[in-house]
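Below: one structure, written as structure tokens.
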Amino acid sequence: MRPILLQGHERSLTQIKYTKDGDILFSCAKDQVICAWFSANGERLGTYHGHQGALWTIDIDPSTTLLASGAADNTVRLWDIRTGKCIKVWDFNTAVKRVEFNDDGTKLLAVTEKRMGYLGTIVVLDVKVDVEAEQSDERSLVITCDESKATVAGWSYLSRYIIAGHEDGTVSQYDAKSGDLLINEPVHEDGGQVTDLQMSSDRTYFITASKDKTAKLISARDLTLLKTYPSDTPLNTAAITPKKPFVILGGGQAAMDVTTTSSRQGKFEARFYHKVFEDEIGRVKGHFGPLNTVAVDPLGRGYASGGEDGYVRVHAFDRGYFDFGYEVEREMGLVGKR
Amino acid sequence: MAPSFDNLTEDNGTYDSEEEIDFSDLKEQYDVRLEQGLDAFVVVDGLPVVPEDSKPKLVKFLVKQLNKAGKVKEDGFFMPTNNKGMTEGYAFVEYQTPQQAIAATKQLHGTAIDKRHTFAINKITDVERYGREGRIDDEYQPPKIDDFTEKEHLRWWLGDPNSRDQFVMLRGDNVGVFWNKKKDPPENIVDRMHWTESHVQWSPLGTYLATMHARGVQLWGGPNWTRQTRFPHPMCNLIDFSPGETYITTWSFKPIEVSEDDPILSQEEDGKNYIIWDVATGRPLRSFQMHDLPTPPESENGQPVKKKVPWPAFKWSSDDKFVARMLEGQSISVYELPKMTLMDKTSIKIEGVMDFEWSPALPQRDSVKTYEQLFCFWTPEIGSNPAKVGLMSIPSKEIVRTRNLFNVTDAKLHWQSQGAYVCVKVDRHSKSKKSLATNLEIFRVREKGVPVEVVDSIKDTVINFAWEPKGDRFVLITTAEVVMTTAVPPKTAVSFFCPEKIKGAGVGNFKHIRTIEKKNSNAIYWSPKGRFVIVATVHSQQSFDLDFWDLDFEGEKPESDKDLTANLQLMNTGDHYGVTDVDWDPTGRYCVTSASVWKHTMENGYHLYDFKGELLREEHIEKFKQLSWRPRPLTLLSRDEQKTIRKNLREYSKDFEEQDRIEEDKEKGAIVEERRRVLSEWLAWREKEEEELKAERRELGLKEDVEEEEQADGEDGGGAVVEEIMEEVLDEVEEIA
């Protein structure tokens, strides 16, 4: 089916998120605006204005009440999704590269950049899931990354751990209460910056994408490496599909080299791999710049990708996608059972 | 005598303490050998013992011999006689310079004086140095000869039970040799980092793999890829094997500088560019300097045209018996092997000669029974003399056939692989020199009197021509006008030719089969077994098409072609972005198209096709440089045996298909088995993980299964249909009744 092209942003996309029901899609880009879209038809619901710098990250709480965003203006903002009003601003010393709500929406983590003499940190903020409530200014936990700065982070199941991916290609597990570093595992090649980290729906495992051209599936409990998905291009993003055992990877030539390479060379495709067998099973073309972010509908009906080219492409999965399965899976009755 | 350690005074009291130290070993090692004025002297040994009265005669003879390497000084020959009035069988000789003395030891040592005597020539300083007391054992110790060790079988790869072919692949700094496994990833046999410093090359029969290094060339072979031979030609750029792999020519742009103590090269090789080596012994046979390239003609804008170094400069006859080099415009020098002596001690003068080519197989001319090799050459118009194409027989140097040509701008010589025909592609200009057209002059070498057939129906310039190997059909590519200035390459046309059917034996006249217009193709690649041909566009920025043609299509033949010995059919077309090279495997079953990083950096890698043009495999490899199939030696089967095989091909192929199927099933089975294992592992892991999560949730007093609960919710209300009604007015027409 033809994808829906969302042409709301003027600069390259940085992150896309679906709401828990998958009906609304939020996107943020370097043009300082957050957009909300109906995922079914691509109609724009509204925008969230206020940030003074490039937006790097957004997240939505599980009840679709609050929207959190982090930007290069050194702030994390909390928005009332319904009205678009900014209800809280937290100021930091450096840009915020990643925000994420935990599974009940009461805690928000923020990853701050290492710059101007400040070390990179992972900060936890307590959030009241109520648009009227007064939000606390206090950081309930600050983890300082003195080895290699964190680039991405997420919450594990039951908010037990904070998992972070680092610039040097390692992945760490922190105790979410004390902030103690429990494990630091060199998952990716040294220097292969971890560019994305997305949790499975039950948050027991996650996928990382890296500049070293691979994506890896890792257990959140003990950081054991489960699967590796090799590709031929630096990766910017990776997502796990619910319902079907696939992963979607996106990337392409580094943004700065794009003008010197043809789109044929650039490898600007979303790649589908089988989650268990690690085989590449398909590609989706369309963007004419590298893919910066991929998000999957939590109900598994489709996915959206955002590129350096400034477009969001929303794809609905068709019948072939749901019917696809390896013979082995059919034998075990895993295909067709939706 | 100059001061040395030998005559240092020992009366210096301050070094008393050091006297005990025995540094004789150091002294020995670092003893400075000063000029002793004896460097121009040699000791000549192995001479006949003669009485006094015949001594002057012998001296005269020997001096004459010794002057071959230099000039013996006047009174520089001293042959002592003993008290019985007999010579002692040795002499002391002084040359004019030390260099001549060195030359004498290198050139004359070990050469024959007469039937019973051999020169043994050593520098007198060497005799001093090595013959000093204590350095030579008084008793003769026979040199140790290593026990015979069996070498590895150099043709081991032909014994592969599945008759697979090998290829070498160079990517980045790694050189690997692989078995072709069709659709599956090739099986690596050996992989070495920095195995070569530039490129790799197989010998023509596939026995050796040659690697290039700053210090020379190395040949590798056998199942363990051990080094077989080294050719220490420093800074060697290019190599060329003789067709039978007996000899190898190495060439370096930089003249060779030989140091005095080089174990293999002698002063003979100093300043040379080419060396012809014996592959079996690893010894040089003869070396040559480069001919000065003729002064480059100035192009229209006054810039000298850069001339390419002709390669191979030394061309081999098909049986390794002759090698010849042309001095452009003047002569061809034919050397006889294995001695590498100039045939009849003189070059063959051919005024104006531009190019020559040996017949690639032993010629079989009608009514010629004696041994001969043939080469074809051409000369341009000189003054009022017409241009000429000639066939010369070697060793008789008899010109077998010539043909005069007019208005010739250029000519190219194309032999058919069995030496049955040679096609001279003649580019001719019109009187005004404005337009070009091409004629083909085809010499039918095997027929009586070597008749020449002319194909002059071509109106355009032929940019490429290729004979069918072991066949008598050919393909050519023409282009209307070569416009140099435009970036867009001109359109080309591909034409196919074959002989027409005639009654009885023999081959009919060449007839045009078909021309495909409006192509971009520029290269022709025949299957090494003939019949199939790929016409491709390579080294192009815009198009990359590959056309797979069959000349003996088994389907219906069009009525118009009924008199032709071909049935042309386009089987398939392919497209390989950025293709730079096309290589058939030696059996003609598979074909690899590759895009090398040497030419551009876009999507380097290779595609593997079967002969029908079906894409079996593609692989992108960063820094992919070169892929080269390992050639096979000639088959050992007789003609009849081959015929029988061809006749029973159906039965064989049944077996092979069965084998393929079994192999595939086995592999498939293995894959399925592996998948089954991986999948159940994963499912088990998930189950365990879910259980643990449930347990942990219970401990925390949470609902056990948020996931399922919510999923149920989701499915109840899920799949909400968003209905949208779109109305678009396309056209509104009001009709008035």
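Residues in the structure tokens are numbered from 1 in each chain, the chains being A, B, ... in the order shown, and ligands are numbered from 1 in the order shown.
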message = I want to know what sits within 7 Å of Leu6 in chain A, based on only C-alpha atoms, with residues of the same chain fewer than 6 positions away left out; could you give that as a ChimeraX atom specification?
response = /A:42,311-313
key: Close residues, Glu372 in chain B itself excluded, 9 Å, only C-alpha atoms, min 3 positions apart in chain, as number ranges by chain   = B: 362-364, 368-369, 393-396
inquiry  = What's the separation between CA of Arg129 in chain B and CA of Glu268 in chain B, in Å to one decimal place?
reply    =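 Spanning CA of Arg129 in chain B to CA of Glu268 in chain B is a straight-line distance of 25.1 Å.
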query = Which residues come within 10 Å of Ser200 in chain A, counting only C-alpha atoms, excluding same-chain residues fewer than 6 positions away, as a PyMOL selection string?
reply = chain A and resi 156-157+206-207+217+219-220+239-242+298
ask   = Which residues of chain A are close to chain B, meaning at most 8 Å apart when you count only C-alpha atoms, and how do they look as a list in words?
value = Asp21, Ala40, Tyr157, Leu158, Asp202, Thr204, Gln265, Val276, Phe277, Val328 and Glu329 of chain A
key: Nearest to Gly105 in chain A, chosen from A:Ala153, A:Gly282, A:Leu182, A:Lys20, with only C-alpha atoms counted in the distances   =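 Among the listed residues, the smallest separation from Gly105 in chain A belongs to A:Lys20.
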request  = For Ala480 in chain B, list every protein, DNA or RNA residue within 12 Å, evaluated using only C-alpha atoms, and leave out those in the same chain fewer than 5 positions away; present the list as an MDAnalysis selection string.
outcome  = chainID B and resid 435:438 458:463 489:494 517:519
Any chance you can output those residues with all heavy atoms as a short mmCIF file (atom, residue, chain, number, x, y, z; two decimals), in the first residue's frame?
```
data_model
loop_
_atom_site.label_atom_id
_atom_site.label_comp_id
_atom_site.auth_asym_id
_atom_site.auth_seq_id
_atom_site.Cartn_x
_atom_site.Cartn_y
_atom_site.Cartn_z
N SER B 435 35.68 10.79 -43.20
CA SER B 435 34.87 9.74 -42.58
C SER B 435 35.67 8.44 -42.55
O SER B 435 36.57 8.21 -43.35
CB SER B 435 33.57 9.55 -43.36
OG SER B 435 33.88 9.29 -44.70
N LEU B 436 35.30 7.63 -41.60
CA LEU B 436 35.99 6.36 -41.43
C LEU B 436 35.01 5.22 -41.70
O LEU B 436 33.83 5.33 -41.39
CB LEU B 436 36.50 6.23 -40.00
CG LEU B 436 37.80 6.97 -39.64
CD1 LEU B 436 38.02 6.90 -38.16
CD2 LEU B 436 38.97 6.38 -40.38
N ALA B 437 35.50 4.15 -42.25
CA ALA B 437 34.70 2.94 -42.38
C ALA B 437 35.64 1.77 -42.13
O ALA B 437 36.85 1.91 -42.19
CB ALA B 437 34.09 2.86 -43.77
N THR B 438 35.06 0.63 -41.80
CA THR B 438 35.90 -0.51 -41.48
C THR B 438 35.67 -1.64 -42.46
O THR B 438 34.52 -1.95 -42.80
CB THR B 438 35.61 -1.00 -40.05
OG1 THR B 438 35.80 0.08 -39.17
CG2 THR B 438 36.54 -2.13 -39.67
N ILE B 458 30.17 -3.10 -44.02
CA ILE B 458 30.00 -2.30 -42.80
C ILE B 458 30.24 -0.84 -43.14
O ILE B 458 31.29 -0.48 -43.68
CB ILE B 458 30.98 -2.77 -41.71
CG1 ILE B 458 30.83 -4.28 -41.50
CG2 ILE B 458 30.77 -2.02 -40.43
CD1 ILE B 458 32.06 -4.93 -40.93
N LYS B 459 29.29 0.00 -42.80
CA LYS B 459 29.42 1.41 -43.18
C LYS B 459 30.10 2.22 -42.08
O LYS B 459 30.60 3.29 -42.32
CB LYS B 459 28.02 2.00 -43.44
CG LYS B 459 27.31 1.39 -44.63
CD LYS B 459 27.83 1.96 -45.93
CE LYS B 459 27.24 1.22 -47.12
NZ LYS B 459 27.65 -0.18 -47.20
N ASP B 460 30.08 1.71 -40.87
CA ASP B 460 30.56 2.49 -39.73
C ASP B 460 31.92 2.00 -39.27
O ASP B 460 32.49 1.09 -39.83
CB ASP B 460 29.55 2.40 -38.58
CG ASP B 460 28.23 2.99 -38.98
OD1 ASP B 460 28.24 3.97 -39.74
OD2 ASP B 460 27.19 2.46 -38.54
N THR B 461 32.37 2.60 -38.18
CA THR B 461 33.64 2.20 -37.59
C THR B 461 33.40 1.06 -36.62
O THR B 461 32.50 1.14 -35.77
CB THR B 461 34.25 3.38 -36.81
OG1 THR B 461 34.07 4.55 -37.57
CG2 THR B 461 35.71 3.15 -36.56
N VAL B 462 34.20 0.05 -36.74
CA VAL B 462 34.07 -1.08 -35.82
C VAL B 462 34.94 -0.79 -34.60
O VAL B 462 36.14 -0.56 -34.73
CB VAL B 462 34.51 -2.39 -36.50
CG1 VAL B 462 34.48 -3.54 -35.51
CG2 VAL B 462 33.62 -2.69 -37.69
N ILE B 463 34.31 -0.76 -33.43
CA ILE B 463 35.09 -0.46 -32.23
C ILE B 463 35.48 -1.72 -31.47
O ILE B 463 36.32 -1.68 -30.60
CB ILE B 463 34.35 0.52 -31.28
CG1 ILE B 463 32.96 -0.01 -30.93
CG2 ILE B 463 34.27 1.89 -31.90
CD1 ILE B 463 32.35 0.69 -29.76
N PRO B 489 28.20 8.93 -24.48
CA PRO B 489 28.82 8.04 -25.46
C PRO B 489 27.87 7.80 -26.62
O PRO B 489 26.65 7.74 -26.44
CB PRO B 489 29.07 6.76 -24.67
CG PRO B 489 28.20 6.84 -23.47
CD PRO B 489 27.87 8.27 -23.23
N PRO B 490 28.41 7.68 -27.83
CA PRO B 490 27.52 7.52 -28.99
C PRO B 490 26.84 6.16 -28.94
O PRO B 490 27.32 5.21 -28.32
CB PRO B 490 28.49 7.61 -30.16
CG PRO B 490 29.82 7.23 -29.60
CD PRO B 490 29.82 7.66 -28.18
N LYS B 491 25.71 6.09 -29.61
CA LYS B 491 24.99 4.82 -29.70
C LYS B 491 25.80 3.84 -30.55
O LYS B 491 26.48 4.24 -31.49
CB LYS B 491 23.62 5.04 -30.36
CG LYS B 491 22.65 5.76 -29.44
CD LYS B 491 22.13 4.82 -28.39
CE LYS B 491 21.29 5.57 -27.38
NZ LYS B 491 21.22 4.92 -26.09
N THR B 492 25.70 2.59 -30.20
CA THR B 492 26.45 1.59 -30.94
C THR B 492 25.48 0.56 -31.51
O THR B 492 24.32 0.49 -31.10
CB THR B 492 27.46 0.88 -30.03
OG1 THR B 492 26.76 0.31 -28.93
CG2 THR B 492 28.50 1.84 -29.50
N ALA B 493 25.98 -0.21 -32.44
CA ALA B 493 25.18 -1.30 -33.01
C ALA B 493 25.99 -2.58 -32.91
O ALA B 493 27.20 -2.57 -33.10
CB ALA B 493 24.83 -1.00 -34.45
N VAL B 494 25.29 -3.67 -32.57
CA VAL B 494 25.97 -4.95 -32.41
C VAL B 494 25.58 -5.84 -33.58
O VAL B 494 24.39 -6.02 -33.85
CB VAL B 494 25.54 -5.62 -31.09
CG1 VAL B 494 26.29 -6.93 -30.88
CG2 VAL B 494 25.76 -4.69 -29.92
N GLU B 517 20.42 -2.40 -33.28
CA GLU B 517 20.77 -0.98 -33.30
C GLU B 517 20.50 -0.34 -31.95
O GLU B 517 19.88 -0.93 -31.07
CB GLU B 517 19.92 -0.25 -34.36
CG GLU B 517 20.02 -0.84 -35.77
CD GLU B 517 21.13 -0.21 -36.58
OE1 GLU B 517 21.85 0.65 -36.03
OE2 GLU B 517 21.29 -0.59 -37.76
N LYS B 518 20.97 0.86 -31.82
CA LYS B 518 20.69 1.72 -30.66
C LYS B 518 21.04 1.06 -29.34
O LYS B 518 20.24 0.96 -28.43
CB LYS B 518 19.21 2.13 -30.66
CG LYS B 518 18.84 2.97 -31.86
CD LYS B 518 17.65 3.86 -31.59
CE LYS B 518 17.36 4.77 -32.76
NZ LYS B 518 16.25 4.37 -33.59
N LYS B 519 22.23 0.56 -29.28
CA LYS B 519 22.72 -0.01 -28.02
C LYS B 519 23.79 0.92 -27.47
O LYS B 519 24.20 1.87 -28.12
CB LYS B 519 23.34 -1.39 -28.27
CG LYS B 519 22.39 -2.42 -28.83
CD LYS B 519 21.36 -2.83 -27.83
CE LYS B 519 21.98 -3.63 -26.68
NZ LYS B 519 20.94 -4.03 -25.72
#
```
key: Those in range 95-231 of chain A with strand (DSSP E or B) from DSSP, as a PyMOL selection string   = chain A and resi 96-101+107-112+115+118+120-126+139-145+150-155+161-166+171-175+181-185+194-199+205-210+214-219+225-230
Residue contacts of Cys236 in chain B (6 Å, only C-alpha atoms) excluding same-chain residues fewer than 5 positions away, as a ChimeraX atom specification = /B:216,251-252
query = Which residues come within 9 Å of Val33 in chain A, counting only C-alpha atoms, excluding same-chain residues fewer than 4 positions away, as a PyMOL selection string?
reply = chain A and resi 9+27-29+47-51+54-55
How would the residues just chosen look if you wrote them out with N, CA and C atoms as a JSON list (two decimals), in the first residue's frame?
```json
[["chain", "number", "residue", "atom", "x", "y", "z"],
["A", 9, "HIS", "N", 7.38, 18.93, 8.62],
["A", 9, "HIS", "CA", 8.62, 19.47, 9.20],
["A", 9, "HIS", "C", 9.48, 20.11, 8.13],
["A", 27, "SER", "N", 5.83, 13.48, 16.17],
["A", 27, "SER", "CA", 7.14, 13.55, 15.53],
["A", 27, "SER", "C", 7.83, 14.83, 15.95],
["A", 28, "CYS", "N", 9.12, 14.77, 16.08],
["A", 28, "CYS", "CA", 9.87, 15.99, 16.36],
["A", 28, "CYS", "C", 11.06, 16.06, 15.42],
["A", 29, "ALA", "N", 11.47, 17.30, 15.15],
["A", 29, "ALA", "CA", 12.54, 17.51, 14.18],
["A", 29, "ALA", "C", 13.42, 18.65, 14.65],
["A", 47, "THR", "N", 0.26, 21.15, 16.76],
["A", 47, "THR", "CA", 1.70, 21.29, 16.97],
["A", 47, "THR", "C", 1.95, 21.82, 18.37],
["A", 48, "TYR", "N", 3.15, 21.65, 18.85],
["A", 48, "TYR", "CA", 3.53, 22.08, 20.20],
["A", 48, "TYR", "C", 4.70, 23.02, 20.07],
["A", 49, "HIS", "N", 4.46, 24.29, 20.32],
["A", 49, "HIS", "CA", 5.51, 25.29, 20.14],
["A", 49, "HIS", "C", 6.08, 25.71, 21.48],
["A", 50, "GLY", "N", 7.32, 26.08, 21.51],
["A", 50, "GLY", "CA", 7.92, 26.58, 22.74],
["A", 50, "GLY", "C", 9.41, 26.38, 22.81],
["A", 51, "HIS", "N", 9.90, 25.28, 22.24],
["A", 51, "HIS", "CA", 11.33, 25.04, 22.32],
["A", 51, "HIS", "C", 12.11, 26.05, 21.49],
["A", 54, "ALA", "N", 16.86, 22.91, 18.44],
["A", 54, "ALA", "CA", 16.50, 21.69, 17.73],
["A", 54, "ALA", "C", 15.97, 20.65, 18.71],
["A", 55, "LEU", "N", 14.85, 20.02, 18.33],
["A", 55, "LEU", "CA", 14.28, 19.00, 19.21],
["A", 55, "LEU", "C", 14.98, 17.68, 18.95]]
```
inquiry  = One decimal, in Å: what's the spacing between CA of Met235 in chain B and CA of Met340 in chain B?
reply    =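 Separation of CA of Met235 in chain B and CA of Met340 in chain B: 23.5 Å.
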inquiry  = Give me, as a PyMOL selection string, all polymer residues having an atom no more than 10 Å from Trp202 in chain B, counting only C-alpha atoms and skipping those fewer than 6 positions away in the same chain.
reply    = chain B and resi 167-168+208-211+219-220+241+628-631
Could you write those residues out with N, CA and C atoms, as a compact mmCIF listing (two decimals), in the first residue's frame?
```txt
# COMPACT_ATOMS: atom_id res chain seq x y z
N PHE B 167 38.28 -19.57 -7.94
CA PHE B 167 38.66 -18.22 -8.37
C PHE B 167 39.40 -17.53 -7.24
N VAL B 168 40.21 -16.56 -7.64
CA VAL B 168 40.94 -15.78 -6.64
C VAL B 168 40.24 -14.43 -6.57
N TYR B 208 49.93 -22.07 -11.37
CA TYR B 208 50.50 -21.16 -10.38
C TYR B 208 49.62 -19.93 -10.19
N LEU B 209 49.74 -19.38 -9.00
CA LEU B 209 49.17 -18.07 -8.73
C LEU B 209 50.35 -17.12 -8.53
N ALA B 210 50.40 -16.08 -9.33
CA ALA B 210 51.53 -15.15 -9.24
C ALA B 210 51.13 -13.94 -8.41
N THR B 211 52.00 -13.56 -7.47
CA THR B 211 51.75 -12.36 -6.67
C THR B 211 52.89 -11.38 -6.93
N LEU B 219 55.54 -17.21 -7.23
CA LEU B 219 54.53 -18.14 -7.73
C LEU B 219 54.16 -19.10 -6.62
N TRP B 220 52.85 -19.36 -6.48
CA TRP B 220 52.34 -20.20 -5.42
C TRP B 220 51.53 -21.32 -6.03
N PHE B 241 53.11 -14.82 -18.83
CA PHE B 241 53.55 -16.21 -18.94
C PHE B 241 53.56 -16.63 -20.40
N SER B 628 39.31 -13.40 -10.41
CA SER B 628 39.88 -14.05 -11.58
C SER B 628 39.72 -15.56 -11.43
N TRP B 629 39.11 -16.19 -12.45
CA TRP B 629 38.90 -17.64 -12.41
C TRP B 629 40.21 -18.36 -12.63
N ARG B 630 40.36 -19.48 -12.00
CA ARG B 630 41.57 -20.27 -12.21
C ARG B 630 41.44 -21.01 -13.53
N PRO B 631 42.36 -20.79 -14.48
CA PRO B 631 42.24 -21.48 -15.77
C PRO B 631 42.44 -22.98 -15.58
```
key: For CA of Val124 in chain A and CA of Gly307 in chain A, the interatomic separation in Å (one decimal)   = 28.9 Å
DSSP on the backbone: what in range 419-658 of chain B comes out alpha helix (DSSP H), as a PDB file with N, CA, C and O atoms, in the first residue's frame?
```pdb
ATOM      1  N   ARG B 639      39.245 -36.720 -28.728  1.00  0.00           N
ATOM      2  CA  ARG B 639      38.107 -36.164 -29.428  1.00  0.00           C
ATOM      3  C   ARG B 639      36.896 -37.119 -29.363  1.00  0.00           C
ATOM      4  O   ARG B 639      35.768 -36.685 -29.154  1.00  0.00           O
ATOM      5  N   ASP B 640      37.193 -38.418 -29.548  1.00  0.00           N
ATOM      6  CA  ASP B 640      36.098 -39.392 -29.551  1.00  0.00           C
ATOM      7  C   ASP B 640      35.438 -39.478 -28.187  1.00  0.00           C
ATOM      8  O   ASP B 640      34.217 -39.551 -28.075  1.00  0.00           O
ATOM      9  N   GLU B 641      36.295 -39.467 -27.158  1.00  0.00           N
ATOM     10  CA  GLU B 641      35.744 -39.550 -25.801  1.00  0.00           C
ATOM     11  C   GLU B 641      34.837 -38.353 -25.515  1.00  0.00           C
ATOM     12  O   GLU B 641      33.784 -38.487 -24.905  1.00  0.00           O
ATOM     13  N   GLN B 642      35.287 -37.195 -25.987  1.00  0.00           N
ATOM     14  CA  GLN B 642      34.461 -36.011 -25.775  1.00  0.00           C
ATOM     15  C   GLN B 642      33.130 -36.145 -26.489  1.00  0.00           C
ATOM     16  O   GLN B 642      32.094 -35.750 -25.983  1.00  0.00           O
ATOM     17  N   LYS B 643      33.213 -36.705 -27.690  1.00  0.00           N
ATOM     18  CA  LYS B 643      32.002 -36.878 -28.488  1.00  0.00           C
ATOM     19  C   LYS B 643      31.011 -37.792 -27.761  1.00  0.00           C
ATOM     20  O   LYS B 643      29.812 -37.510 -27.696  1.00  0.00           O
ATOM     21  N   THR B 644      31.553 -38.880 -27.202  1.00  0.00           N
ATOM     22  CA  THR B 644      30.684 -39.822 -26.487  1.00  0.00           C
ATOM     23  C   THR B 644      30.004 -39.118 -25.321  1.00  0.00           C
ATOM     24  O   THR B 644      28.817 -39.328 -25.068  1.00  0.00           O
ATOM     25  N   ILE B 645      30.767 -38.311 -24.630  1.00  0.00           N
ATOM     26  CA  ILE B 645      30.187 -37.615 -23.486  1.00  0.00           C
ATOM     27  C   ILE B 645      29.058 -36.712 -23.947  1.00  0.00           C
ATOM     28  O   ILE B 645      27.964 -36.700 -23.382  1.00  0.00           O
ATOM     29  N   ARG B 646      29.334 -35.998 -25.034  1.00  0.00           N
ATOM     30  CA  ARG B 646      28.324 -35.077 -25.520  1.00  0.00           C
ATOM     31  C   ARG B 646      27.059 -35.841 -25.910  1.00  0.00           C
ATOM     32  O   ARG B 646      25.947 -35.393 -25.677  1.00  0.00           O
ATOM     33  N   LYS B 647      27.261 -37.015 -26.479  1.00  0.00           N
ATOM     34  CA  LYS B 647      26.113 -37.806 -26.919  1.00  0.00           C
ATOM     35  C   LYS B 647      25.271 -38.253 -25.722  1.00  0.00           C
ATOM     36  O   LYS B 647      24.048 -38.279 -25.779  1.00  0.00           O
ATOM     37  N   LEU B 649      24.981 -36.828 -22.898  1.00  0.00           N
ATOM     38  CA  LEU B 649      24.865 -35.726 -21.945  1.00  0.00           C
ATOM     39  C   LEU B 649      23.604 -35.833 -21.109  1.00  0.00           C
ATOM     40  O   LEU B 649      23.597 -35.544 -19.916  1.00  0.00           O
ATOM     41  N   ARG B 650      22.517 -36.288 -21.751  1.00  0.00           N
ATOM     42  CA  ARG B 650      21.253 -36.360 -21.044  1.00  0.00           C
ATOM     43  C   ARG B 650      21.352 -37.252 -19.806  1.00  0.00           C
ATOM     44  O   ARG B 650      20.861 -36.905 -18.738  1.00  0.00           O
ATOM     45  N   GLU B 651      22.021 -38.393 -20.017  1.00  0.00           N
ATOM     46  CA  GLU B 651      22.129 -39.311 -18.882  1.00  0.00           C
ATOM     47  C   GLU B 651      22.983 -38.730 -17.768  1.00  0.00           C
ATOM     48  O   GLU B 651      22.651 -38.837 -16.596  1.00  0.00           O
ATOM     49  N   TYR B 652      24.084 -38.108 -18.200  1.00  0.00           N
ATOM     50  CA  TYR B 652      24.943 -37.493 -17.178  1.00  0.00           C
ATOM     51  C   TYR B 652      24.176 -36.434 -16.415  1.00  0.00           C
ATOM     52  O   TYR B 652      24.222 -36.358 -15.194  1.00  0.00           O
ATOM     53  N   SER B 653      23.470 -35.600 -17.189  1.00  0.00           N
ATOM     54  CA  SER B 653      22.824 -34.480 -16.513  1.00  0.00           C
ATOM     55  C   SER B 653      21.763 -34.994 -15.553  1.00  0.00           C
ATOM     56  O   SER B 653      21.512 -34.374 -14.519  1.00  0.00           O
ATOM     57  N   LYS B 654      21.187 -36.152 -15.864  1.00  0.00           N
ATOM     58  CA  LYS B 654      20.224 -36.735 -14.931  1.00  0.00           C
ATOM     59  C   LYS B 654      20.912 -36.983 -13.578  1.00  0.00           C
ATOM     60  O   LYS B 654      20.411 -36.604 -12.523  1.00  0.00           O
ATOM     61  N   ASP B 655      22.092 -37.600 -13.678  1.00  0.00           N
ATOM     62  CA  ASP B 655      22.856 -37.863 -12.450  1.00  0.00           C
ATOM     63  C   ASP B 655      23.170 -36.582 -11.704  1.00  0.00           C
ATOM     64  O   ASP B 655      23.023 -36.492 -10.493  1.00  0.00           O
ATOM     65  N   PHE B 656      23.625 -35.603 -12.483  1.00  0.00           N
ATOM     66  CA  PHE B 656      24.054 -34.358 -11.840  1.00  0.00           C
ATOM     67  C   PHE B 656      22.876 -33.663 -11.175  1.00  0.00           C
ATOM     68  O   PHE B 656      22.987 -33.134 -10.073  1.00  0.00           O
ATOM     69  N   GLU B 657      21.737 -33.683 -11.882  1.00  0.00           N
ATOM     70  CA  GLU B 657      20.563 -33.044 -11.300  1.00  0.00           C
ATOM     71  C   GLU B 657      20.178 -33.724 -10.003  1.00  0.00           C
ATOM     72  O   GLU B 657      19.829 -33.069  -9.026  1.00  0.00           O
ATOM     73  N   GLU B 658      20.273 -35.054 -10.029  1.00  0.00           N
ATOM     74  CA  GLU B 658      19.969 -35.820  -8.825  1.00  0.00           C
ATOM     75  C   GLU B 658      20.910 -35.399  -7.693  1.00  0.00           C
ATOM     76  O   GLU B 658      20.485 -35.115  -6.577  1.00  0.00           O
TER      77      GLU B 658
END
```
